[in-house]
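Scroll down for the structure; my scribbles are underneath it.
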Amino acid sequence: MNETELKQFLNDIKSFIAENGESFTVMSAASDKKLSTKSKNFMQDKNGFLDKTENAVESDSNASKSDILKFLKDMKINECIKCRLSIARKQIVFGEGNPESKLMFIGEAPGAEEDNTGRPFVGRAGQLLTKIVESINLKREDVYIANIIKCRPPENRNPMEDEISLCSPFLEEQISIIKPEIICTLGKFATEFIIGKDKGAISSVRGKDFDYKGITVIPTYHPSYLLRNPAAKRETWEDMKKIRALYFKN
Ligand code: SF4
């Protein structure tokens with residue numbers, strides 16, 4: 001990220017905080033004591049933290065992607081109460097992995113294990129994703145993994161449209177910071193968000209390449225679907241071979 005982009009990023013954060021100050025007040029009035037205390041502390045700390053970080057970033061235009069992602073997480077997402085999913089979450093699940101990676105996996109939303117640990121894809125589906133990554137001669141730590149939705153939907157229900165619309169700008173920022181060359185979308189919701197709803201069902205778009213802002217997108221099935229339908233692993237393996245060829249082409 002160059003200096004101009006960094007300055008734009010900081011301005012976006014300032015606007016976000018200015019816009020959301022009202023929300024914190026409303027939430028406090030709604031008598032959620034735990035959230036109210038957290039939000040109050042956040043509002044007290046934010047200006048000092050922002051000034052400190054902004055000075056650091058401005059004096060070092062070579063701030064790493066990892067630093068910028070941490071800033072995004074700490075300043076814009078950790079205390080987010082933009083949608084109803086903030087009420088029951090234990091913690092946000094930001095994403096993890098190598099921010100310099102050429103390859104990013106995008107899933108749908110955290111489940112119970114992810115909500116408990118704050119890490120994406122750590123339950124049974126996550127263990128399968130780790131094996132899928134390893135099947136193309138990479139380690140999990142070599143890639144970046146994130147979801148569209150950062151807080152767990154209750155009972156693991158599907159995310160609602162307004163939740164996707166409120167939360168997805170965070171994912172878009174992650175993508176713009178990481179700048180992967182390849183995105184592998186996992187399942188219907190991530191695929192529809194990245195390539196559009198008009199392209200068809202996941203079963204008809206997997207196996208094809210798409211473009212997202214100059215990034216090659218290869219959709220495949222969500223690991224949870226593969227756990228329920230092991231026969232579909234063969235098709236996912238075909239998708240992974242395409243990703244491997246692209247990843248190692250140079
Ligand atoms: S799901 Fe996203 S938009 Fe909703 S509260 Fe969590 S971080 Fe905020």
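Residues are referred to by chain and number: the chain letter is A, B, ... according to the order shown in the structure tokens, the number counts from 1 in that chain, and ligands are numbered separately from 1 in the order shown.
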Using only C-alpha atoms and all ligand atoms, determine which residues fall within 12 Å of ligand 1, then list them as a short mmCIF file (atom, residue, chain, number, x, y, z; two decimals) with N, CA and C atoms, in the first residue's frame.
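Written output follows (result_10.cif):
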data_model
loop_
_atom_site.label_atom_id
_atom_site.label_comp_id
_atom_site.auth_asym_id
_atom_site.auth_seq_id
_atom_site.Cartn_x
_atom_site.Cartn_y
_atom_site.Cartn_z
N ASN A 20 -20.02 6.46 13.50
CA ASN A 20 -20.50 5.45 14.43
C ASN A 20 -20.54 5.89 15.88
N SER A 23 -23.95 5.43 17.18
CA SER A 23 -24.35 4.05 17.42
C SER A 23 -23.91 3.59 18.80
N LEU A 35 -21.51 -4.52 26.66
CA LEU A 35 -21.18 -3.80 25.44
C LEU A 35 -20.99 -2.31 25.73
N LEU A 72 -6.93 -2.08 11.01
CA LEU A 72 -8.31 -2.28 10.57
C LEU A 72 -9.10 -3.09 11.61
N LYS A 73 -8.48 -4.13 12.12
CA LYS A 73 -9.15 -4.99 13.10
C LYS A 73 -9.41 -4.23 14.41
N ASP A 74 -8.36 -3.59 14.92
CA ASP A 74 -8.49 -2.96 16.23
C ASP A 74 -9.38 -1.72 16.19
N MET A 75 -9.28 -0.95 15.12
CA MET A 75 -9.97 0.34 15.10
C MET A 75 -11.35 0.30 14.47
N LYS A 76 -11.59 -0.64 13.55
CA LYS A 76 -12.86 -0.60 12.82
C LYS A 76 -13.75 -1.79 13.10
N ILE A 77 -13.19 -2.90 13.50
CA ILE A 77 -14.03 -4.11 13.55
C ILE A 77 -14.23 -4.65 14.96
N ASN A 78 -13.19 -4.63 15.78
CA ASN A 78 -13.27 -5.30 17.09
C ASN A 78 -14.49 -4.91 17.91
N GLU A 79 -14.88 -3.66 17.87
CA GLU A 79 -16.01 -3.21 18.68
C GLU A 79 -17.24 -2.93 17.82
N CYS A 80 -17.27 -3.46 16.62
CA CYS A 80 -18.35 -3.13 15.69
C CYS A 80 -19.71 -3.57 16.21
N ILE A 81 -20.67 -2.68 16.10
CA ILE A 81 -22.06 -3.00 16.48
C ILE A 81 -23.00 -2.58 15.36
N LYS A 82 -22.51 -2.69 14.13
CA LYS A 82 -23.33 -2.23 13.00
C LYS A 82 -24.54 -3.12 12.76
N CYS A 83 -24.46 -4.40 13.15
CA CYS A 83 -25.62 -5.26 12.88
C CYS A 83 -25.96 -6.11 14.10
N ARG A 84 -27.08 -6.82 14.02
CA ARG A 84 -27.62 -7.60 15.15
C ARG A 84 -26.68 -8.70 15.62
N LEU A 85 -25.76 -9.13 14.76
CA LEU A 85 -24.87 -10.23 15.14
C LEU A 85 -23.89 -9.84 16.24
N SER A 86 -23.77 -8.55 16.49
CA SER A 86 -22.86 -8.10 17.57
C SER A 86 -23.40 -8.49 18.95
N ILE A 87 -24.72 -8.71 19.06
CA ILE A 87 -25.33 -8.92 20.38
C ILE A 87 -24.86 -10.23 21.02
N ALA A 88 -24.85 -11.31 20.25
CA ALA A 88 -24.57 -12.61 20.85
C ALA A 88 -23.16 -13.12 20.61
N ARG A 89 -22.38 -12.40 19.83
CA ARG A 89 -21.04 -12.92 19.53
C ARG A 89 -20.17 -12.92 20.79
N LYS A 90 -19.22 -13.88 20.83
CA LYS A 90 -18.23 -13.83 21.90
C LYS A 90 -17.08 -12.92 21.47
N GLN A 91 -16.72 -13.03 20.20
CA GLN A 91 -15.67 -12.17 19.67
C GLN A 91 -15.78 -12.14 18.15
N ILE A 92 -15.20 -11.14 17.56
CA ILE A 92 -15.22 -11.10 16.10
C ILE A 92 -14.16 -12.08 15.58
N VAL A 93 -14.39 -12.56 14.37
CA VAL A 93 -13.43 -13.45 13.73
C VAL A 93 -12.92 -12.71 12.49
N PHE A 94 -11.77 -12.11 12.64
CA PHE A 94 -11.28 -11.17 11.63
C PHE A 94 -10.75 -11.89 10.38
N GLY A 95 -9.94 -12.92 10.62
CA GLY A 95 -9.25 -13.58 9.51
C GLY A 95 -7.82 -13.79 9.94
N GLU A 108 -17.94 -17.99 4.53
CA GLU A 108 -19.23 -17.33 4.77
C GLU A 108 -19.26 -16.58 6.11
N ALA A 109 -19.19 -17.34 7.21
CA ALA A 109 -19.33 -16.73 8.54
C ALA A 109 -18.77 -17.67 9.59
N PRO A 110 -18.42 -17.16 10.76
CA PRO A 110 -17.89 -18.04 11.81
C PRO A 110 -18.97 -18.98 12.36
N ASP A 115 -16.22 -18.71 16.90
CA ASP A 115 -16.68 -17.70 17.86
C ASP A 115 -15.92 -17.84 19.19
N ASN A 147 -13.69 -14.53 6.27
CA ASN A 147 -15.12 -14.72 5.94
C ASN A 147 -15.74 -13.38 5.53
N ILE A 148 -16.90 -13.47 4.88
CA ILE A 148 -17.63 -12.22 4.58
C ILE A 148 -18.15 -11.61 5.87
N ILE A 149 -18.68 -12.46 6.75
CA ILE A 149 -19.30 -12.00 7.99
C ILE A 149 -18.34 -12.26 9.15
N LYS A 150 -18.15 -11.28 9.99
CA LYS A 150 -17.13 -11.40 11.04
C LYS A 150 -17.69 -11.90 12.39
N CYS A 151 -18.99 -11.96 12.56
CA CYS A 151 -19.58 -12.44 13.82
C CYS A 151 -20.48 -13.64 13.53
N ARG A 152 -20.58 -14.54 14.50
CA ARG A 152 -21.33 -15.78 14.28
C ARG A 152 -22.84 -15.55 14.21
N PRO A 153 -23.48 -15.99 13.13
CA PRO A 153 -24.95 -15.97 13.11
C PRO A 153 -25.49 -17.02 14.09
N PRO A 154 -26.56 -16.71 14.83
CA PRO A 154 -27.08 -17.66 15.81
C PRO A 154 -27.46 -18.98 15.17
N PRO A 159 -26.26 -16.17 6.67
CA PRO A 159 -26.26 -14.71 6.88
C PRO A 159 -27.39 -14.04 6.11
N MET A 160 -27.96 -12.98 6.69
CA MET A 160 -29.03 -12.25 6.02
C MET A 160 -28.43 -11.18 5.10
N GLU A 161 -29.25 -10.74 4.16
CA GLU A 161 -28.73 -9.78 3.17
C GLU A 161 -28.22 -8.50 3.80
N ASP A 162 -28.94 -7.99 4.82
CA ASP A 162 -28.49 -6.74 5.42
C ASP A 162 -27.19 -6.95 6.21
N GLU A 163 -27.02 -8.13 6.77
CA GLU A 163 -25.77 -8.42 7.50
C GLU A 163 -24.60 -8.45 6.52
N ILE A 164 -24.82 -9.07 5.37
CA ILE A 164 -23.75 -9.12 4.35
C ILE A 164 -23.42 -7.71 3.87
N SER A 165 -24.47 -6.94 3.66
CA SER A 165 -24.22 -5.60 3.14
C SER A 165 -23.49 -4.72 4.17
N LEU A 166 -23.78 -4.91 5.46
CA LEU A 166 -23.11 -4.10 6.48
C LEU A 166 -21.68 -4.57 6.76
N CYS A 167 -21.47 -5.87 6.68
CA CYS A 167 -20.15 -6.41 7.07
C CYS A 167 -19.17 -6.51 5.91
N SER A 168 -19.67 -6.69 4.70
CA SER A 168 -18.76 -6.97 3.58
C SER A 168 -17.74 -5.87 3.29
N PRO A 169 -18.02 -4.58 3.60
CA PRO A 169 -16.95 -3.59 3.37
C PRO A 169 -15.65 -3.92 4.11
N PHE A 170 -15.76 -4.60 5.25
CA PHE A 170 -14.54 -4.99 5.97
C PHE A 170 -13.73 -5.99 5.14
N LEU A 171 -14.44 -6.96 4.55
CA LEU A 171 -13.75 -7.93 3.70
C LEU A 171 -13.13 -7.23 2.49
#
task = Choose the residue, out of A:Ile68, A:Leu128, A:Leu103, A:Val122, that has the smallest atom-to-atom separation from A:Val143; count only C-alpha atoms.
result = A:Leu103
key: Shell of 6 Å around stretch 193-206 of chain A, only C-alpha atoms, local chain residues under 2 positions omitted, as a list in words   =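 The contact residues come out as Lys188, Ala190, Thr191, Lys208, Pro219 and Thr220 of chain A.
The space between atom CA of A:Ile145 and atom CA of A:Gly97 spans 6.1 Å.
Considering the residues A:Lys139, A:Lys70, A:Arg119, A:Arg124 and counting only C-alpha atoms, A:His222 has its shortest atom-to-atom contact with A:Arg124.
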task = For each of A:Pro120, A:Lys242, A:Ile177, A:Gly187, take the minimum atom-to-atom distance to A:Ala146, counting only C-alpha atoms, then give the residue where this is smallest.
result =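 Using only C-alpha atoms, A:Ala146 sits closest to A:Pro120.
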